[in-house]
Amino acid sequence: MPRILHDLACLDDRRLSPYCWRSKWALAHKGLEFEARPQGFTAIPRLYDGAHRTVPILDDDGHVVADSWAIADYLDARYPESPRLFEGPAERALCRFTEAWLFGTLVPLLMPMLALDIHDHARPEDRAYFRESREQRLGRSLEAAAAGREDRLADVRAALNPLRLTVQGQPYLTGERAGYADYIAAGLLQWVASVTTLPLLERDDPVVAWLERVRDLHGGLGRTSPMYAIAA
């Protein structure tokens, strides 16, 4: 049977999960063929008898693994002869730090700005669920959360300074070759680019050039989903 990665999708076949993007790049990094199978928000609980609430879910010839970190560890253990995602505990710890920084600093800024765009791109059958669950998290309506978001662009750009300063001096976060830390960070910006109607960055931002390099990796895998421009 084909290797399947269940992937979060919305209208126009836009693939918007940062966790799914990192898992797709992880599979490609290992040189493994796979089918990214689209699922809407409310379809996920119907997979595998409701055993998992979120994607990505990897089905590797009957070996079912959920969660992007578990998938990455599984791939290194199952396919040790192919390029590793983590050369050792130190690199894995660096990747954990990258995720903690981005999801602790950047995502709280981005979610209020993007939630309405995500809702508007969600499949019709998913919109009520998305609105109710995200408004509960945000403590306000999606429209109120998005109001005045242009005034918050400077904060988002400033939050990306660690990434910006790093890729000014080297091609990737992990040096001369892309690694899992790049897939984590690029997956987050792929999520933004898949739905935002407000370009977040300036065209000459080093972050944009770095993201374009990552998108081009593995046969242009990062360009397989429709996206808006992330830069003005």
# chains A, B, ... in the order shown; residues from 1 in each chain; ligands from 1
>>> closest_atom_pairs(of="range 49-145 of chain A", to="range 4-19 of chain A", cutoff="7 Å", atoms="only C-alpha atoms", output="tab-separated table")
residue	atom	partner	partner_atom	distance
A:Val55	CA	A:Asp7	CA	6.1
A:Pro56	CA	A:His6	CA	5.5
A:Ile57	CA	A:His6	CA	5.2
A:Leu58	CA	A:Leu5	CA	4.5
A:Asp59	CA	A:Ile4	CA	5.1
A:Asp60	CA	A:Ile4	CA	6.5
A:Ser68	CA	A:Tyr19	CA	5.8
A:His121	CA	A:Leu11	CA	5.4
A:Ala122	CA	A:Cys10	CA	4.6
A:Arg123	CA	A:Cys10	CA	5.3
>>> residues_around(residues="range 158-171 of chain A", least_positions_apart="4", cutoff="12 Å", atoms="only C-alpha atoms", output="number ranges by chain")
A: 98-99, 101-110, 152-154, 175-179, 181-182, 184-186, 188-189, 200-201, 204-214
>>> atom_distance(atom1="CA of Cys95 in chain A", atom2="CA of Gly219 in chain A")
23.6 Å
>>> select_by_dssp(residues="range 63-220 of chain A", states="strand (DSSP E)", output="JSON, numbers by chain")
{"A": [63, 64, 65, 66]}
>>> write_last_selection(atoms="C-alpha atoms", output="compact mmCIF listing (two decimals), in the first residue's frame")
# COMPACT_ATOMS: atom_id res chain seq x y z
CA HIS A 63 2.46 1.38 10.92
CA VAL A 64 0.39 4.36 12.08
CA VAL A 65 2.22 7.22 13.77
CA ALA A 66 0.66 10.53 14.82
>>> select_by_dssp(residues="range 7-192 of chain A", states="alpha helix (DSSP H)", output="JSON, numbers by chain")
{"A": [18, 19, 20, 21, 22, 23, 24, 25, 26, 27, 28, 29, 68, 69, 70, 71, 72, 73, 74, 75, 76, 77, 78, 89, 90, 91, 92, 93, 94, 95, 96, 97, 98, 99, 100, 101, 107, 108, 109, 110, 111, 112, 113, 114, 115, 116, 117, 118, 119, 120, 121, 127, 128, 129, 130, 131, 132, 133, 134, 135, 136, 137, 138, 142, 143, 144, 145, 146, 153, 154, 155, 156, 157, 158, 159, 161, 162, 163, 164, 165, 166, 167, 180, 181, 182, 183, 184, 185, 186, 187, 188, 189, 190, 191, 192]}
>>> write_last_selection(atoms="C-alpha atoms", output="short mmCIF file (atom, residue, chain, number, x, y, z; two decimals), in the first residue's frame")
data_model
loop_
_atom_site.label_atom_id
_atom_site.label_comp_id
_atom_site.auth_asym_id
_atom_site.auth_seq_id
_atom_site.Cartn_x
_atom_site.Cartn_y
_atom_site.Cartn_z
CA PRO A 18 2.76 23.80 10.01
CA TYR A 19 3.09 20.35 11.59
CA CYS A 20 2.10 18.58 8.38
CA TRP A 21 4.55 20.68 6.35
CA ARG A 22 7.45 19.70 8.58
CA SER A 23 6.47 16.04 8.30
CA LYS A 24 6.27 16.26 4.50
CA TRP A 25 9.74 17.77 4.37
CA ALA A 26 10.96 15.13 6.83
CA LEU A 27 9.75 12.33 4.55
CA ALA A 28 11.34 14.02 1.53
CA HIS A 29 14.57 14.55 3.49
CA SER A 68 5.11 15.46 13.90
CA TRP A 69 7.78 14.76 16.55
CA ALA A 70 6.79 11.11 16.81
CA ILE A 71 6.87 10.87 13.02
CA ALA A 72 10.36 12.37 12.83
CA ASP A 73 11.68 9.98 15.50
CA TYR A 74 9.96 7.04 13.80
CA LEU A 75 11.51 7.88 10.44
CA ASP A 76 15.03 8.06 11.86
CA ALA A 77 14.53 4.76 13.69
CA ARG A 78 12.77 2.95 10.84
CA PRO A 89 20.58 14.60 21.02
CA ALA A 90 22.12 18.06 20.63
CA GLU A 91 20.51 18.67 17.24
CA ARG A 92 17.18 17.37 18.47
CA ALA A 93 17.39 19.72 21.46
CA LEU A 94 18.11 22.62 19.11
CA CYS A 95 15.01 21.74 17.13
CA ARG A 96 12.96 21.66 20.31
CA PHE A 97 14.24 25.13 21.16
CA THR A 98 13.38 26.38 17.65
CA GLU A 99 9.82 25.15 18.07
CA ALA A 100 9.47 26.59 21.58
CA TRP A 101 10.71 29.99 20.41
CA VAL A 107 2.23 32.12 17.00
CA PRO A 108 0.50 34.15 19.77
CA LEU A 109 0.99 37.21 17.57
CA LEU A 110 -0.12 35.50 14.38
CA MET A 111 -3.18 33.55 15.46
CA PRO A 112 -5.43 36.55 16.14
CA MET A 113 -4.32 38.08 12.84
CA LEU A 114 -4.93 34.93 10.78
CA ALA A 115 -7.89 33.18 12.41
CA LEU A 116 -10.52 34.93 10.29
CA ASP A 117 -8.59 34.17 7.09
CA ILE A 118 -8.36 30.51 8.10
CA HIS A 119 -12.09 30.41 8.79
CA ASP A 120 -12.88 31.95 5.41
CA HIS A 121 -10.70 29.38 3.64
CA ARG A 127 -16.38 26.61 9.54
CA ALA A 128 -18.75 26.35 12.50
CA TYR A 129 -16.31 24.11 14.37
CA PHE A 130 -13.37 26.37 13.59
CA ARG A 131 -15.18 29.54 14.62
CA GLU A 132 -16.47 28.13 17.89
CA SER A 133 -13.18 26.53 18.94
CA ARG A 134 -10.95 29.47 17.99
CA GLU A 135 -13.22 32.14 19.43
CA GLN A 136 -13.18 30.21 22.68
CA ARG A 137 -9.37 30.23 22.65
CA LEU A 138 -9.10 33.88 21.63
CA LEU A 142 -12.63 36.26 14.82
CA GLU A 143 -13.54 39.64 13.37
CA ALA A 144 -12.55 41.46 16.56
CA ALA A 145 -9.27 39.53 16.71
CA ALA A 146 -8.38 40.57 13.14
CA LEU A 153 2.97 43.87 11.53
CA ALA A 154 5.99 45.53 13.15
CA ASP A 155 5.73 43.19 16.16
CA VAL A 156 5.60 40.12 13.92
CA ARG A 157 8.62 41.25 11.92
CA ALA A 158 10.59 42.00 15.08
CA ALA A 159 9.76 38.57 16.49
CA ASN A 161 14.82 38.73 14.20
CA PRO A 162 16.60 35.59 15.48
CA LEU A 163 15.74 33.77 12.26
CA ARG A 164 16.58 36.81 10.15
CA LEU A 165 19.99 37.33 11.72
CA THR A 166 20.88 33.67 11.38
CA VAL A 167 20.03 33.24 7.70
CA TYR A 180 14.62 19.69 10.74
CA ALA A 181 14.94 23.10 12.42
CA ASP A 182 14.45 24.67 8.97
CA TYR A 183 11.43 22.48 8.36
CA ILE A 184 9.90 23.57 11.67
CA ALA A 185 10.36 27.27 10.95
CA ALA A 186 9.45 27.09 7.26
CA GLY A 187 6.36 25.02 8.06
CA LEU A 188 5.11 27.83 10.24
CA LEU A 189 5.56 30.39 7.48
CA GLN A 190 3.97 28.01 4.95
CA TRP A 191 0.91 28.01 7.21
CA VAL A 192 0.89 31.80 7.13
#
>>> atom_distance(atom1="CA of Gly220 in chain A", atom2="CA of Glu87 in chain A")
24.3 Å
